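Dropping protein_14.cif in here (mmCIF, C-alpha atoms):
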data_structure
#
loop_
_atom_site.group_PDB
_atom_site.id
_atom_site.type_symbol
_atom_site.label_atom_id
_atom_site.label_comp_id
_atom_site.auth_asym_id
_atom_site.auth_seq_id
_atom_site.Cartn_x
_atom_site.Cartn_y
_atom_site.Cartn_z
ATOM 1 C CA MET A 32 17.404 -5.800 47.404
ATOM 2 C CA LYS A 33 15.735 -3.309 45.096
ATOM 3 C CA ILE A 34 16.876 0.294 45.471
ATOM 4 C CA PRO A 35 13.943 2.480 46.548
ATOM 5 C CA LYS A 36 12.755 4.871 43.871
ATOM 6 C CA THR A 37 13.618 7.859 46.064
ATOM 7 C CA LYS A 38 17.253 6.763 46.197
ATOM 8 C CA LEU A 39 17.361 6.342 42.444
ATOM 9 C CA LEU A 40 15.865 9.794 41.978
ATOM 10 C CA PHE A 41 18.353 11.330 44.365
ATOM 11 C CA SER A 42 21.177 9.816 42.338
ATOM 12 C CA ALA A 43 19.708 11.342 39.204
ATOM 13 C CA VAL A 44 19.822 14.913 40.517
ATOM 14 C CA PHE A 45 23.489 15.242 39.638
ATOM 15 C CA VAL A 46 23.477 12.758 36.797
ATOM 16 C CA VAL A 47 24.028 15.054 33.834
ATOM 17 C CA THR A 48 27.134 16.604 35.341
ATOM 18 C CA VAL A 49 28.411 13.230 36.432
ATOM 19 C CA LEU A 50 27.751 11.537 33.101
ATOM 20 C CA LEU A 51 29.504 14.302 31.220
ATOM 21 C CA SER A 52 32.562 14.116 33.434
ATOM 22 C CA CYS A 53 32.989 10.435 34.247
ATOM 23 C CA ASN A 54 35.554 8.434 32.344
ATOM 24 C CA GLN A 55 36.964 11.499 30.594
ATOM 25 C CA GLY A 56 40.369 10.564 29.277
ATOM 26 C CA LYS A 57 40.073 7.010 30.605
ATOM 27 C CA LYS A 58 40.287 3.799 28.655
ATOM 28 C CA THR A 59 39.045 0.525 30.015
ATOM 29 C CA ALA A 60 40.576 -2.810 29.150
ATOM 30 C CA PRO A 61 38.363 -4.912 26.875
ATOM 31 C CA THR A 62 36.586 -7.864 28.442
ATOM 32 C CA ALA A 63 36.979 -11.371 27.149
ATOM 33 C CA ASN A 64 33.548 -11.151 25.551
ATOM 34 C CA PRO A 65 32.721 -7.583 24.390
ATOM 35 C CA ASN A 66 29.010 -8.466 24.227
ATOM 36 C CA VAL A 67 28.835 -9.119 27.962
ATOM 37 C CA ASN A 68 28.970 -6.138 30.295
ATOM 38 C CA THR A 69 29.890 -7.279 33.806
ATOM 39 C CA SER A 70 29.991 -3.761 35.264
ATOM 40 C CA THR A 71 27.600 -2.938 38.097
ATOM 41 C CA GLU A 72 27.072 0.567 36.700
ATOM 42 C CA TYR A 73 26.256 1.573 33.155
ATOM 43 C CA HIS A 74 28.546 4.113 31.469
ATOM 44 C CA PRO A 75 27.166 5.735 28.310
ATOM 45 C CA PRO A 76 29.604 6.955 25.622
ATOM 46 C CA GLN A 77 31.204 10.320 26.294
ATOM 47 C CA PRO A 78 31.128 13.274 23.878
ATOM 48 C CA GLY A 79 34.406 14.003 22.110
ATOM 49 C CA ALA A 80 36.663 16.953 22.826
ATOM 50 C CA ASN A 81 35.331 18.709 19.707
ATOM 51 C CA LEU A 82 31.978 19.212 21.460
ATOM 52 C CA THR A 83 32.711 22.082 23.799
ATOM 53 C CA SER A 84 29.328 23.585 24.687
ATOM 54 C CA LYS A 85 27.052 22.034 27.308
ATOM 55 C CA GLU A 86 24.211 21.922 24.787
ATOM 56 C CA GLU A 87 26.287 19.963 22.277
ATOM 57 C CA GLN A 88 27.488 17.585 24.978
ATOM 58 C CA LEU A 89 23.962 16.999 26.291
ATOM 59 C CA ASN A 90 22.596 16.405 22.800
ATOM 60 C CA TYR A 91 25.347 13.891 22.097
ATOM 61 C CA LEU A 92 24.853 12.155 25.438
ATOM 62 C CA PHE A 93 21.112 11.858 24.893
ATOM 63 C CA SER A 94 21.380 10.665 21.284
ATOM 64 C CA HIS A 95 24.050 8.045 22.056
ATOM 65 C CA TYR A 96 23.093 7.194 25.627
ATOM 66 C CA TRP A 97 22.249 3.527 24.999
ATOM 67 C CA ASP A 98 25.088 2.745 22.550
ATOM 68 C CA ASN A 99 27.035 0.738 25.151
ATOM 69 C CA PHE A 100 24.017 -1.017 26.631
ATOM 70 C CA ASN A 101 23.489 -4.728 25.981
ATOM 71 C CA PHE A 102 19.739 -5.050 25.400
ATOM 72 C CA SER A 103 20.052 -8.778 24.716
ATOM 73 C CA ASP A 104 21.212 -9.515 28.289
ATOM 74 C CA THR A 105 17.681 -9.728 29.704
ATOM 75 C CA ALA A 106 18.783 -11.564 32.851
ATOM 76 C CA LYS A 107 20.953 -8.623 33.861
ATOM 77 C CA ILE A 108 18.288 -6.116 32.882
ATOM 78 C CA ILE A 109 15.498 -7.743 34.878
ATOM 79 C CA ASP A 110 17.315 -9.133 37.901
ATOM 80 C CA SER A 111 19.577 -6.264 38.929
ATOM 81 C CA GLU A 112 19.600 -2.557 39.705
ATOM 82 C CA TYR A 113 21.976 -1.979 36.786
ATOM 83 C CA ALA A 114 19.245 -1.294 34.225
ATOM 84 C CA GLU A 115 16.974 0.747 36.484
ATOM 85 C CA GLN A 116 19.702 3.161 37.532
ATOM 86 C CA ALA A 117 20.782 3.549 33.902
ATOM 87 C CA PHE A 118 17.144 4.199 33.022
ATOM 88 C CA VAL A 119 16.640 6.828 35.748
ATOM 89 C CA ASN A 120 19.826 8.601 34.682
ATOM 90 C CA TYR A 121 18.469 8.658 31.135
ATOM 91 C CA LEU A 122 15.162 10.168 32.260
ATOM 92 C CA SER A 123 16.996 12.937 34.076
ATOM 93 C CA ILE A 124 18.255 14.265 30.727
ATOM 94 C CA PHE A 125 14.726 14.686 29.321
ATOM 95 C CA PRO A 126 14.201 18.284 30.546
ATOM 96 C CA ALA A 127 17.391 19.385 28.773
ATOM 97 C CA VAL A 128 16.427 18.325 25.235
ATOM 98 C CA SER A 129 13.859 19.607 22.743
ATOM 99 C CA ALA A 130 10.483 17.950 22.229
ATOM 100 C CA GLU A 131 11.534 16.809 18.744
ATOM 101 C CA GLN A 132 14.783 15.300 20.007
ATOM 102 C CA LEU A 133 12.954 13.671 22.907
ATOM 103 C CA LYS A 134 10.547 11.916 20.545
ATOM 104 C CA GLU A 135 13.391 10.726 18.304
ATOM 105 C CA GLY A 136 15.386 9.525 21.305
ATOM 106 C CA ILE A 137 12.478 7.593 22.839
ATOM 107 C CA THR A 138 11.728 5.948 19.496
ATOM 108 C CA ASP A 139 15.360 4.909 19.081
ATOM 109 C CA PHE A 140 15.550 3.660 22.688
ATOM 110 C CA LEU A 141 12.432 1.507 22.416
ATOM 111 C CA ASP A 142 13.462 0.235 18.988
ATOM 112 C CA GLN A 143 16.633 -1.076 20.604
ATOM 113 C CA ALA A 144 14.804 -2.433 23.650
ATOM 114 C CA LYS A 145 12.311 -4.411 21.572
ATOM 115 C CA GLN A 146 14.959 -6.863 20.311
ATOM 116 C CA GLU A 147 14.011 -8.948 23.367
ATOM 117 C CA GLN A 148 10.377 -9.024 24.556
ATOM 118 C CA LYS A 149 11.343 -9.450 28.223
ATOM 119 C CA GLY A 150 13.615 -6.429 28.084
ATOM 120 C CA PHE A 151 11.014 -4.387 26.222
ATOM 121 C CA ASP A 152 8.347 -5.276 28.793
ATOM 122 C CA TYR A 153 10.732 -4.321 31.602
ATOM 123 C CA PHE A 154 11.405 -0.840 30.204
ATOM 124 C CA LYS A 155 7.736 -0.363 29.285
ATOM 125 C CA LYS A 156 6.793 -0.971 32.898
ATOM 126 C CA LYS A 157 9.453 1.491 34.088
ATOM 127 C CA LEU A 158 8.315 4.178 31.641
ATOM 128 C CA ASP A 159 4.714 3.795 32.806
ATOM 129 C CA SER A 160 5.762 3.916 36.454
ATOM 130 C CA TYR A 161 8.168 6.846 36.333
ATOM 131 C CA LEU A 162 6.390 9.060 33.802
ATOM 132 C CA TYR A 163 2.702 8.469 34.610
ATOM 133 C CA ASP A 164 2.321 7.115 38.141
ATOM 134 C CA PRO A 165 0.886 9.951 40.284
ATOM 135 C CA ASN A 166 3.348 9.124 43.083
ATOM 136 C CA SER A 167 6.405 9.566 40.868
ATOM 137 C CA PRO A 168 8.239 12.915 41.147
ATOM 138 C CA MET A 169 9.320 12.360 37.520
ATOM 139 C CA ARG A 170 5.780 12.061 36.147
ATOM 140 C CA SER A 171 5.236 14.236 33.103
ATOM 141 C CA ASP A 172 2.548 14.105 30.443
ATOM 142 C CA SER A 173 4.809 15.912 27.965
ATOM 143 C CA PHE A 174 7.493 13.230 28.414
ATOM 144 C CA TYR A 175 4.969 10.383 28.442
ATOM 145 C CA GLU A 176 3.131 11.457 25.280
ATOM 146 C CA PRO A 177 5.828 10.285 22.785
ATOM 147 C CA VAL A 178 6.047 7.016 24.737
ATOM 148 C CA LEU A 179 2.312 6.469 24.288
ATOM 149 C CA GLU A 180 2.570 7.361 20.608
ATOM 150 C CA TYR A 181 5.162 4.612 20.239
ATOM 151 C CA TYR A 182 3.093 2.084 22.188
ATOM 152 C CA THR A 183 -0.043 2.622 20.105
ATOM 153 C CA SER A 184 1.824 1.782 16.878
ATOM 154 C CA SER A 185 4.151 -0.938 18.212
ATOM 155 C CA ASP A 186 3.964 -4.591 17.195
ATOM 156 C CA LYS A 187 5.301 -5.467 20.655
ATOM 157 C CA ILE A 188 2.125 -4.274 22.391
ATOM 158 C CA ALA A 189 -0.964 -6.514 22.608
ATOM 159 C CA GLN A 190 -4.188 -5.151 21.121
ATOM 160 C CA ASP A 191 -5.986 -4.848 24.471
ATOM 161 C CA GLU A 192 -3.037 -2.868 25.858
ATOM 162 C CA LYS A 193 -3.015 -0.663 22.784
ATOM 163 C CA ALA A 194 -6.657 0.204 23.412
ATOM 164 C CA ARG A 195 -5.815 1.249 26.967
ATOM 165 C CA TYR A 196 -2.804 3.259 25.822
ATOM 166 C CA ARG A 197 -4.928 5.056 23.192
ATOM 167 C CA ILE A 198 -7.245 6.193 25.992
ATOM 168 C CA LEU A 199 -4.247 7.406 28.012
ATOM 169 C CA LEU A 200 -2.822 9.189 24.967
ATOM 170 C CA ASP A 201 -6.088 11.048 24.531
ATOM 171 C CA LEU A 202 -5.992 12.055 28.208
ATOM 172 C CA VAL A 203 -2.414 13.335 28.264
ATOM 173 C CA ARG A 204 -3.089 15.400 25.141
ATOM 174 C CA LYS A 205 -5.857 17.278 26.934
ATOM 175 C CA ASN A 206 -5.136 20.595 28.638
ATOM 176 C CA LYS A 207 -1.474 20.595 27.630
ATOM 177 C CA VAL A 208 0.780 23.466 28.663
ATOM 178 C CA GLY A 209 0.108 26.352 26.283
ATOM 179 C CA SER A 210 -3.370 25.148 25.330
ATOM 180 C CA THR A 211 -6.682 26.608 26.502
ATOM 181 C CA ALA A 212 -7.999 24.733 29.529
ATOM 182 C CA THR A 213 -11.261 22.893 28.917
ATOM 183 C CA ASP A 214 -14.263 24.835 30.134
ATOM 184 C CA PHE A 215 -16.774 23.288 32.528
ATOM 185 C CA VAL A 216 -19.675 24.246 34.775
ATOM 186 C CA TYR A 217 -19.299 24.262 38.538
ATOM 187 C CA GLN A 218 -21.624 24.972 41.432
ATOM 188 C CA THR A 219 -20.958 27.123 44.490
ATOM 189 C CA LYS A 220 -22.943 27.777 47.671
ATOM 190 C CA GLY A 221 -26.526 28.780 47.041
ATOM 191 C CA LYS A 222 -26.611 26.563 43.937
ATOM 192 C CA THR A 223 -25.013 29.275 41.833
ATOM 193 C CA PHE A 224 -23.681 27.854 38.564
ATOM 194 C CA ASN A 225 -20.633 29.335 36.858
ATOM 195 C CA LYS A 226 -18.125 28.449 34.161
ATOM 196 C CA LEU A 227 -14.368 28.244 34.454
ATOM 197 C CA HIS A 228 -13.916 30.544 31.447
ATOM 198 C CA GLU A 229 -16.019 33.236 33.102
ATOM 199 C CA LEU A 230 -13.504 33.653 35.917
ATOM 200 C CA GLN A 231 -11.552 36.880 35.644
ATOM 201 C CA ALA A 232 -8.078 36.932 37.207
ATOM 202 C CA PRO A 233 -4.495 37.272 35.959
ATOM 203 C CA LEU A 234 -3.766 33.810 37.407
ATOM 204 C CA ILE A 235 -6.166 31.003 38.260
ATOM 205 C CA LEU A 236 -5.068 28.133 40.460
ATOM 206 C CA LEU A 237 -7.405 25.279 39.573
ATOM 207 C CA MET A 238 -7.352 22.484 42.142
ATOM 208 C CA PHE A 239 -9.393 19.292 41.941
ATOM 209 C CA TYR A 240 -9.589 17.880 45.454
ATOM 210 C CA GLU A 241 -11.227 15.149 47.513
ATOM 211 C CA PRO A 242 -12.557 15.952 51.021
ATOM 212 C CA GLY A 243 -10.524 14.169 53.684
ATOM 213 C CA CYS A 244 -7.692 13.202 51.322
ATOM 214 C CA SER A 245 -4.461 13.585 53.339
ATOM 215 C CA ASN A 246 -2.477 14.984 50.407
ATOM 216 C CA CYS A 247 -5.261 17.450 49.663
ATOM 217 C CA GLU A 248 -5.364 18.606 53.266
ATOM 218 C CA GLN A 249 -1.612 19.142 53.291
ATOM 219 C CA VAL A 250 -1.715 21.202 50.086
ATOM 220 C CA ILE A 251 -4.679 23.236 51.347
ATOM 221 C CA LYS A 252 -2.859 23.908 54.614
ATOM 222 C CA VAL A 253 0.327 25.072 52.871
ATOM 223 C CA LEU A 254 -1.520 27.350 50.459
ATOM 224 C CA LYS A 255 -3.745 28.707 53.218
ATOM 225 C CA GLU A 256 -0.721 29.666 55.336
ATOM 226 C CA GLN A 257 1.302 31.133 52.447
ATOM 227 C CA GLU A 258 1.221 34.879 52.969
ATOM 228 C CA SER A 259 2.321 35.672 49.401
ATOM 229 C CA ILE A 260 -0.580 33.624 48.006
ATOM 230 C CA ASN A 261 -3.075 35.360 50.292
ATOM 231 C CA GLN A 262 -1.650 38.726 49.252
ATOM 232 C CA MET A 263 -2.029 37.845 45.569
ATOM 233 C CA ILE A 264 -5.665 36.886 46.176
ATOM 234 C CA ALA A 265 -6.293 40.111 48.108
ATOM 235 C CA ASN A 266 -4.694 42.141 45.302
ATOM 236 C CA LYS A 267 -6.811 40.282 42.707
ATOM 237 C CA GLN A 268 -3.685 38.853 41.072
ATOM 238 C CA MET A 269 -4.829 35.273 41.633
ATOM 239 C CA GLN A 270 -7.999 33.322 42.203
ATOM 240 C CA ILE A 271 -8.043 29.787 43.607
ATOM 241 C CA LEU A 272 -10.842 27.571 42.362
ATOM 242 C CA ALA A 273 -11.146 24.390 44.424
ATOM 243 C CA ILE A 274 -13.350 21.768 42.750
ATOM 244 C CA TYR A 275 -14.767 18.574 44.243
ATOM 245 C CA PRO A 276 -15.328 16.551 41.050
ATOM 246 C CA GLU A 277 -17.175 13.549 42.526
ATOM 247 C CA GLY A 278 -20.271 15.639 43.098
ATOM 248 C CA ASN A 279 -21.631 14.368 46.435
ATOM 249 C CA LEU A 280 -23.282 17.498 47.826
ATOM 250 C CA GLU A 281 -23.545 16.170 51.374
ATOM 251 C CA ILE A 282 -19.816 15.381 51.578
ATOM 252 C CA TRP A 283 -18.970 18.688 49.926
ATOM 253 C CA ASN A 284 -21.145 20.720 52.302
ATOM 254 C CA ASP A 285 -19.774 18.924 55.371
ATOM 255 C CA TYR A 286 -16.204 19.746 54.278
ATOM 256 C CA ALA A 287 -16.857 23.366 53.292
ATOM 257 C CA ASP A 288 -15.314 24.906 56.432
ATOM 258 C CA ASN A 289 -11.947 23.358 55.543
ATOM 259 C CA ILE A 290 -11.673 25.420 52.346
ATOM 260 C CA PRO A 291 -10.317 28.964 52.943
ATOM 261 C CA SER A 292 -12.947 31.663 52.674
ATOM 262 C CA ASN A 293 -10.918 33.658 50.128
ATOM 263 C CA TRP A 294 -11.031 30.723 47.672
ATOM 264 C CA ILE A 295 -13.913 29.666 45.446
ATOM 265 C CA ASN A 296 -15.165 26.370 46.848
ATOM 266 C CA ALA A 297 -17.064 24.499 44.142
ATOM 267 C CA VAL A 298 -18.525 21.134 43.259
ATOM 268 C CA ASP A 299 -19.215 19.379 39.964
ATOM 269 C CA GLU A 300 -22.592 17.944 40.932
ATOM 270 C CA LYS A 301 -23.188 16.296 37.538
ATOM 271 C CA GLN A 302 -19.637 14.855 37.546
ATOM 272 C CA GLU A 303 -19.093 16.040 33.981
ATOM 273 C CA VAL A 304 -15.336 16.454 34.472
ATOM 274 C CA LEU A 305 -15.064 12.786 35.423
ATOM 275 C CA ASN A 306 -17.733 11.274 33.176
ATOM 276 C CA LYS A 307 -16.615 13.137 30.070
ATOM 277 C CA GLY A 308 -12.903 12.808 30.839
ATOM 278 C CA LEU A 309 -12.404 16.561 30.580
ATOM 279 C CA TYR A 310 -9.299 16.447 32.795
ATOM 280 C CA ASP A 311 -6.886 13.647 33.653
ATOM 281 C CA LEU A 312 -7.451 13.299 37.402
ATOM 282 C CA LYS A 313 -5.081 10.472 38.232
ATOM 283 C CA ALA A 314 -4.541 11.661 41.812
ATOM 284 C CA SER A 315 -5.879 14.064 44.441
ATOM 285 C CA PRO A 316 -5.184 16.877 44.437
ATOM 286 C CA THR A 317 -4.606 17.647 40.763
ATOM 287 C CA ILE A 318 -3.423 21.225 40.272
ATOM 288 C CA TYR A 319 -3.328 23.458 37.185
ATOM 289 C CA LEU A 320 -2.152 27.048 36.892
ATOM 290 C CA LEU A 321 -3.903 29.106 34.218
ATOM 291 C CA ASP A 322 -3.333 32.615 32.901
ATOM 292 C CA LYS A 323 -5.978 35.293 32.367
ATOM 293 C CA ASP A 324 -6.939 33.751 29.003
ATOM 294 C CA LYS A 325 -7.296 30.300 30.608
ATOM 295 C CA LYS A 326 -4.116 29.094 28.903
ATOM 296 C CA VAL A 327 -2.406 26.312 30.838
ATOM 297 C CA ILE A 328 0.857 27.460 32.438
ATOM 298 C CA LEU A 329 1.398 24.429 34.684
ATOM 299 C CA LYS A 330 -0.329 21.071 34.263
ATOM 300 C CA ASP A 331 -0.770 18.486 37.033
ATOM 301 C CA THR A 332 1.774 20.417 39.031
ATOM 302 C CA ASP A 333 2.991 20.443 42.633
ATOM 303 C CA LEU A 334 3.723 23.170 45.155
ATOM 304 C CA ASN A 335 7.454 23.239 44.403
ATOM 305 C CA ALA A 336 6.889 23.859 40.697
ATOM 306 C CA LEU A 337 4.194 26.412 41.524
ATOM 307 C CA GLY A 338 6.531 28.250 43.891
ATOM 308 C CA ASN A 339 9.340 28.212 41.337
ATOM 309 C CA TYR A 340 7.092 29.655 38.649
ATOM 310 C CA LEU A 341 5.721 32.428 40.863
ATOM 311 C CA ALA A 342 9.249 33.307 41.995
ATOM 312 C CA SER A 343 10.433 33.457 38.381
ATOM 313 C CA GLN A 344 7.657 35.984 37.717
ATOM 314 C CA GLY A 345 8.598 38.060 40.744
ATOM 315 C CA LEU A 346 5.349 37.161 42.515
#

Written form, structure tokens:
Amino acid sequence: MKIPKTKLLFSAVFVVTVLLSCNQGKKTAPTANPNVNTSTEYHPPQPGANLTSKEEQLNYLFSHYWDNFNFSDTAKIIDSEYAEQAFVNYLSIFPAVSAEQLKEGITDFLDQAKQEQKGFDYFKKKLDSYLYDPNSPMRSDSFYEPVLEYYTSSDKIAQDEKARYRILLDLVRKNKVGSTATDFVYQTKGKTFNKLHELQAPLILLMFYEPGCSNCEQVIKVLKEQESINQMIANKQMQILAIYPEGNLEIWNDYADNIPSNWINAVDEKQEVLNKGLYDLKASPTIYLLDKDKKVILKDTDLNALGNYLASQGL
């Protein structure tokens, strides 16, 4: 039976500590065939005693993570939980390494995986699922970007897939953290037209939503009831701009009472955000946090990450 993704993610929470401590000082007896790993759990090589700092140990672990993995054993990779748990543990190290090291590591990993097409296809599917699927808690455009860069230049990817991945690469490169958010025109009640870049507030919470979407309603409810958020709006420290990007004025008007009165409730009647691909709206809601200069602080974020950021700023 396949382990649910939530269970795999839970296991990954403590993975860095576990991976850096397991098998320390232990030696395992060699198997009859060193090319066949019969273990039910993958154990990456451990950093030597000369690497004393956590940073050095993490860098070593990430760079050498797949050294003990048998990429030629496609039956074991595809038909067991062995490979997926090893893969999830690997992903959990991503936040601890630099962008440059991440790109090098992903390239090395996929170069090893491509020795067998079945194994490469398996890990490609997992990368797409964990790093881009809107339902994955591990989704991250910054982590997925070097994967897409590899795909678009790989001889293991069919041309039609490459075309699709080039489109995705263009999307994930838009509105990256630290960049200026793309400007667009929106409409409010009374057919007043405004631009995102004309908004003046120290923080702007930009939320693309869909009326009646259960996830949207839950997020709206939580934000509406959050006293600290309401206080920030009252003190002009934050403005929330809720945008309905699909542009149906009748649906938008009918849903208007569900949007808090201290937010800006807007619609993109011409659907320019969608038609021009200005933002990557893979799910509803899609949330961005911008600073006063419209620089992206958080991209495609969730309420936990938002709360953590605001707390780190003493807000």

* To do: Using only C-alpha atoms, pick whichever of A:Met269, A:Val216, A:Leu329, A:Leu141 has the shortest atom-to-atom distance to Thr317 of chain A.
  =>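 Among the listed residues, A:Leu329 lies closest to Thr317 of chain A.
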
* **Answer key for the PyMOL selection byres ((chain A and resi 267) around 12), residues as number ranges by chain** => A: 230-235, 260-266, 268-271, 293-294, 323

* To do: Tell me, in Å to one decimal, how far atom CA of Ala127 of chain A is from atom CA of Leu89 of chain A.
  =>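 Between atom CA of Ala127 of chain A and atom CA of Leu89 of chain A the gap works out to 7.4 Å.
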
* To do: Could you check which of A:Leu122, A:Ile251, A:Val304, A:Ala314 is closest to Ser292 of chain A, using only C-alpha atoms?
  =>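 Result for the nearest residue to Ser292 of chain A: A:Ile251.
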
* Work out how far apart atom CA of Gly79 of chain A and atom CA of Pro126 of chain A are and give it in Å to one decimal. =>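 So the answer is 22.3 Å.
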
* Starting from the displayed file, determine the output of the PyMOL selection byres ((chain A and resi 114) around 10) and express the residue list as a PyMOL selection string. => chain A and resi 71-73+100-102+105+107-113+115-120+150+153-154

* So, counting only C-alpha atoms, which residue among A:Ser160, A:Thr219, A:Gln302, A:Gln257 is closest to Ala273 of chain A? ->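 When distances to Ala273 of chain A are compared using only C-alpha atoms, the smallest one comes from A:Thr219.
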
* Asked: Out of A:Arg204, A:His228, A:Lys85, A:Lys301, which residue has the shortest atom-to-atom distance to Val128 of chain A when counting all atoms listed in the file?
  -> A:Lys85

* Just so the selection is clear, what residues does the PyMOL selection byres ((chain A and resi 177-193) around 12) cover here, as a ChimeraX atom specification? -> /A:125,130-142,144-152,154-159,161-163,171-176,194-204

* Interatomic distance, atom CA of Asn296 of chain A to atom CA of Thr223 of chain A (Å, one decimal) ->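 It comes out at 11.4 Å.
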
I'd like the box whose edges run along x, y and z of the file and which contains every listed atom of segment 199-210 of chain A, padded by 6 Å per side; could you state its centre and edge lengths in Å, one decimal, as AutoDock Vina command-line options?
--center_x -2.7 --center_y 16.9 --center_z 26.6 --size_x 18.9 --size_y 30.9 --size_z 16.1

Output segment 306-312 of chain A as a PDB file, in the coordinates of the input, making sure all heavy atoms are there.
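That gives us rebuild_24.pdb:
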ATOM      1  N   ASN A 306     -17.001  12.120  34.123  1.00  0.00           N
ATOM      2  CA  ASN A 306     -17.733  11.274  33.176  1.00  0.00           C
ATOM      3  C   ASN A 306     -17.346  11.545  31.727  1.00  0.00           C
ATOM      4  O   ASN A 306     -17.359  10.630  30.889  1.00  0.00           O
ATOM      5  CB  ASN A 306     -19.241  11.456  33.357  1.00  0.00           C
ATOM      6  CG  ASN A 306     -19.730  10.930  34.693  1.00  0.00           C
ATOM      7  OD1 ASN A 306     -19.098  10.065  35.298  1.00  0.00           O
ATOM      8  ND2 ASN A 306     -20.847  11.451  35.181  1.00  0.00           N
ATOM      9  N   LYS A 307     -16.998  12.788  31.441  1.00  0.00           N
ATOM     10  CA  LYS A 307     -16.615  13.137  30.070  1.00  0.00           C
ATOM     11  C   LYS A 307     -15.096  13.129  29.872  1.00  0.00           C
ATOM     12  O   LYS A 307     -14.624  13.402  28.763  1.00  0.00           O
ATOM     13  CB  LYS A 307     -17.179  14.514  29.698  1.00  0.00           C
ATOM     14  CG  LYS A 307     -18.702  14.558  29.634  1.00  0.00           C
ATOM     15  CD  LYS A 307     -19.200  15.935  29.238  1.00  0.00           C
ATOM     16  CE  LYS A 307     -20.721  15.980  29.161  1.00  0.00           C
ATOM     17  NZ  LYS A 307     -21.226  17.329  28.765  1.00  0.00           N
ATOM     18  N   GLY A 308     -14.360  12.831  30.942  1.00  0.00           N
ATOM     19  CA  GLY A 308     -12.903  12.808  30.839  1.00  0.00           C
ATOM     20  C   GLY A 308     -12.310  14.138  30.430  1.00  0.00           C
ATOM     21  O   GLY A 308     -11.367  14.204  29.636  1.00  0.00           O
ATOM     22  N   LEU A 309     -12.863  15.232  30.985  1.00  0.00           N
ATOM     23  CA  LEU A 309     -12.404  16.561  30.580  1.00  0.00           C
ATOM     24  C   LEU A 309     -10.984  16.851  31.065  1.00  0.00           C
ATOM     25  O   LEU A 309     -10.236  17.586  30.410  1.00  0.00           O
ATOM     26  CB  LEU A 309     -13.354  17.633  31.112  1.00  0.00           C
ATOM     27  CG  LEU A 309     -14.829  17.511  30.684  1.00  0.00           C
ATOM     28  CD1 LEU A 309     -15.632  18.683  31.222  1.00  0.00           C
ATOM     29  CD2 LEU A 309     -14.941  17.426  29.164  1.00  0.00           C
ATOM     30  N   TYR A 310     -10.645  16.281  32.228  1.00  0.00           N
ATOM     31  CA  TYR A 310      -9.299  16.447  32.795  1.00  0.00           C
ATOM     32  C   TYR A 310      -8.805  15.078  33.251  1.00  0.00           C
ATOM     33  O   TYR A 310      -9.599  14.210  33.637  1.00  0.00           O
ATOM     34  CB  TYR A 310      -9.311  17.414  33.979  1.00  0.00           C
ATOM     35  CG  TYR A 310      -9.480  18.870  33.582  1.00  0.00           C
ATOM     36  CD1 TYR A 310     -10.730  19.363  33.217  1.00  0.00           C
ATOM     37  CD2 TYR A 310      -8.390  19.727  33.564  1.00  0.00           C
ATOM     38  CE1 TYR A 310     -10.899  20.685  32.834  1.00  0.00           C
ATOM     39  CE2 TYR A 310      -8.547  21.065  33.187  1.00  0.00           C
ATOM     40  CZ  TYR A 310      -9.798  21.531  32.816  1.00  0.00           C
ATOM     41  OH  TYR A 310      -9.947  22.846  32.434  1.00  0.00           O
ATOM     42  N   ASP A 311      -7.499  14.905  33.212  1.00  0.00           N
ATOM     43  CA  ASP A 311      -6.886  13.647  33.653  1.00  0.00           C
ATOM     44  C   ASP A 311      -6.632  13.743  35.155  1.00  0.00           C
ATOM     45  O   ASP A 311      -5.622  14.293  35.589  1.00  0.00           O
ATOM     46  CB  ASP A 311      -5.582  13.411  32.892  1.00  0.00           C
ATOM     47  CG  ASP A 311      -4.947  12.069  33.239  1.00  0.00           C
ATOM     48  OD1 ASP A 311      -5.614  11.248  33.897  1.00  0.00           O
ATOM     49  OD2 ASP A 311      -3.785  11.854  32.853  1.00  0.00           O
ATOM     50  N   LEU A 312      -7.548  13.212  35.946  1.00  0.00           N
ATOM     51  CA  LEU A 312      -7.451  13.299  37.402  1.00  0.00           C
ATOM     52  C   LEU A 312      -6.956  11.972  37.948  1.00  0.00           C
ATOM     53  O   LEU A 312      -7.702  11.166  38.498  1.00  0.00           O
ATOM     54  CB  LEU A 312      -8.809  13.667  38.007  1.00  0.00           C
ATOM     55  CG  LEU A 312      -9.473  14.927  37.435  1.00  0.00           C
ATOM     56  CD1 LEU A 312     -10.774  15.229  38.165  1.00  0.00           C
ATOM     57  CD2 LEU A 312      -8.519  16.120  37.509  1.00  0.00           C
TER      58      LEU A 312
END
